[in-house]
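One structure below.
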Amino acid sequence: MTIVCNTSPITNLAAITQLELLHSIFGEIVIPQAVYDELTNVGYSVPGTVEVQTASWIKVMTVQNRPQVASFQQQVDTGEAEAIALALELFAERLLIDEAAGLKVTGILGVLLIAKQQGLISLVQPLINSLIEQAGFRVSSGLYQAIHSAAQE
């Protein structure tokens with residue numbers, strides 16, 4: 001199973017010390033070079049910087065279809081554009097990103113729901129609260145309630 005990941009799930013989960021959930025749920029994830037660069041070439045450490053440089057379960061790949069990346073960049077940033085293009089190139093089963101075009105997408109909140117379903121965490125709500133308070137994650141009240149309901153908490 002090939003899972004491609006964008007920057008946001010890595011930084012937000014790392015900010016609340018839950019990045020290992022991606023490994024527990026998906027095994028190995030693939031990130032495009034632009035995502036690696038976004039996490040490592042900013043001149044200072046951000047949540048997830050060390051992990052993408054050291055975790056053996058995070059693989060970095062270069063996108064081959066540059067025209068497709070350029071096309072996606074008209075609507076999203078470079079990391080997102082490369083993540084979408086790489087997911088298409090690899091025929092990925094899932095793309096971990098907050099926006100996408102016609103792909104099966106799982107955002108951070110979806111990862112938390114999967115983690116609860118698999119018994120990796122007992123409650124979703126405290127982790128969502130941590131994302132909001134510690135990582136500056138934004139979620140509408142309607143989505144917050146929907147996730148709370150889906151988690152049956």
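Identifiers in the structure tokens: chain A, B, ... in order shown; residue index from 1 per chain; ligand index from 1 in order shown.
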Filtered DSSP result for stretch 19-145 of chain A, state helix (DSSP H, G or I), as a PyMOL selection string = chain A and resi 20-26+33-40+49-54+66-72+78-89+108-117+125-135+141-145
Find the residues around A:Ser71 up to 12 Å (only C-alpha atoms counted), leave out those fewer than 3 positions away in its own chain, and share them as a ChimeraX atom specification.
-> /A:65-68,74-78,80-82,84-85,101
Atomic separation - atom CA of A:Leu22 relative to atom CA of A:Leu88, Å |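 Here the two named atoms are 20.1 Å from each other.
Closest to A:Ile58 among A:Gln73, A:Gln125, A:Thr2, A:Asn12 is A:Thr2, based on only C-alpha atoms.
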Skipping near chain neighbours, those fewer than 6 positions away, what residues fall within 9 Å of A:Met61 using only C-alpha atoms, listed as a VMD selection string?
-> chain A and resid 30 to 33 86
Which polymer residues have any atom within 12 Å of an atom of A:Ser45, counting only C-alpha atoms, with same-chain residues fewer than 6 positions away left out, as a list in words?
-> Thr11, Ala14, Ala15, Asp37, Glu38, Leu39, Glu51, Val52 and Gln53 of chain A
Could you save those same residues with C-alpha atoms as a PDB file, in the first residue's frame?
```
ATOM      1  CA  THR A  11       3.908  19.082  11.243  1.00  0.00           C
ATOM      2  CA  ALA A  14       4.566  16.104  15.338  1.00  0.00           C
ATOM      3  CA  ALA A  15       3.534  19.263  17.207  1.00  0.00           C
ATOM      4  CA  ASP A  37      12.362  20.819   1.655  1.00  0.00           C
ATOM      5  CA  GLU A  38       9.467  22.645   3.350  1.00  0.00           C
ATOM      6  CA  LEU A  39      10.316  20.837   6.579  1.00  0.00           C
ATOM      7  CA  GLU A  51      11.577  13.010  11.980  1.00  0.00           C
ATOM      8  CA  VAL A  52      11.604  13.376   8.182  1.00  0.00           C
ATOM      9  CA  GLN A  53      15.392  13.388   8.302  1.00  0.00           C
TER      10      GLN A  53
END
```
From the set A:Thr40, A:Gly79, A:Leu90, A:Val69, which residue has the shortest atom-to-atom contact distance to A:Met1, counting only C-alpha atoms?
->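 Result for the nearest residue to A:Met1: A:Leu90.
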Neighbour list for A:Pro126 as a list in words, cut-off 12 Å, only C-alpha atoms, skip fewer than 6 positions in-chain =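 Close residues of A:Pro126: Ile16, Gln18, Leu109, Leu112, Ile132, Glu133, Gln134, Tyr144, Ile147, His148, Ala151 and Glu153 of chain A.
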Take the residues just selected and output them with N, CA and C atoms as an mmCIF file, in the first residue's frame.
```cif
data_model
loop_
_atom_site.group_PDB
_atom_site.id
_atom_site.type_symbol
_atom_site.label_atom_id
_atom_site.label_comp_id
_atom_site.auth_asym_id
_atom_site.auth_seq_id
_atom_site.Cartn_x
_atom_site.Cartn_y
_atom_site.Cartn_z
ATOM 1 N N ILE A 16 2.050 17.731 18.345
ATOM 2 C CA ILE A 16 1.373 17.175 19.531
ATOM 3 C C ILE A 16 1.932 15.793 19.879
ATOM 4 N N GLN A 18 2.365 13.078 18.164
ATOM 5 C CA GLN A 18 1.565 11.940 17.699
ATOM 6 C C GLN A 18 1.933 11.519 16.281
ATOM 7 N N LEU A 109 -7.667 14.884 10.920
ATOM 8 C CA LEU A 109 -8.776 14.414 11.735
ATOM 9 C C LEU A 109 -9.185 12.997 11.339
ATOM 10 N N LEU A 112 -6.801 10.617 12.962
ATOM 11 C CA LEU A 112 -7.146 10.394 14.363
ATOM 12 C C LEU A 112 -8.319 9.419 14.511
ATOM 13 N N ILE A 132 -5.473 22.173 18.127
ATOM 14 C CA ILE A 132 -5.950 23.559 18.102
ATOM 15 C C ILE A 132 -5.063 24.442 18.978
ATOM 16 N N GLU A 133 -4.789 23.985 20.197
ATOM 17 C CA GLU A 133 -4.058 24.811 21.165
ATOM 18 C C GLU A 133 -2.554 24.854 20.904
ATOM 19 N N GLN A 134 -1.959 23.728 20.545
ATOM 20 C CA GLN A 134 -0.503 23.663 20.438
ATOM 21 C C GLN A 134 0.014 23.862 19.022
ATOM 22 N N TYR A 144 -15.787 20.051 14.033
ATOM 23 C CA TYR A 144 -15.401 19.578 15.366
ATOM 24 C C TYR A 144 -16.492 18.665 15.923
ATOM 25 N N ILE A 147 -16.688 15.286 13.904
ATOM 26 C CA ILE A 147 -15.627 14.341 14.280
ATOM 27 C C ILE A 147 -15.908 13.772 15.666
ATOM 28 N N HIS A 148 -16.350 14.609 16.565
ATOM 29 C CA HIS A 148 -16.705 14.161 17.915
ATOM 30 C C HIS A 148 -17.791 13.088 17.843
ATOM 31 N N ALA A 151 -16.458 9.842 16.263
ATOM 32 C CA ALA A 151 -15.611 9.125 17.218
ATOM 33 C C ALA A 151 -16.440 8.505 18.348
ATOM 34 N N GLU A 153 -17.744 9.915 20.977
ATOM 35 C CA GLU A 153 -17.262 10.375 22.292
ATOM 36 C C GLU A 153 -18.256 11.333 22.891
#
```
Among listed residues A:Ile29, A:Ile10, A:Ile128, A:Thr62, nearest A:Glu93 (using only C-alpha atoms) |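 Looking only at the distances to A:Glu93, the closest residue turns out to be A:Ile29.
Nearest residue to A:Leu123 among A:Asp98, A:Ser140, A:Ser149, A:Glu28 is A:Ser149, counting only C-alpha atoms.
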Could you check which of A:Thr54, A:Thr106, A:Gln118, A:Asn6 is closest to A:Arg94, using only C-alpha atoms?
-> A:Thr106
Please give the complete set of residues from stretch 33-109 of chain A that DSSP, run on the backbone, assigns to strand (DSSP E or B), formatted as a list in words.
->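 In stretch 33-109 of chain A, DSSP puts these residues in strand (DSSP E or B): Ile58, Lys59, Val60, Met61, Arg94, Leu95, Leu96, Val105 and Thr106 of chain A.
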How far is it from atom CA of A:Ala83 to atom CA of A:Lys59, in Å with one decimal?
->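 Atom CA of A:Lys59 lies at a distance of 12.6 Å from atom CA of A:Ala83.
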Nearest to A:Ser8: which of A:Leu120, A:Ile97, A:Leu131, A:Leu113 is it, counting only C-alpha atoms?
->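 The closest residue to A:Ser8 is A:Ile97.
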Residue neighbourhood A:Gln117, 12 Å, only C-alpha atoms, exclusion window fewer than 6 positions, as a ChimeraX atom specification = /A:25,110-111,123-124,150-152
Quick one: distance from atom CA of A:Glu89 to atom CA of A:Val63 in Å, one decimal?
->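 Atom-to-atom, atom CA of A:Glu89 to atom CA of A:Val63, that is 7.7 Å.
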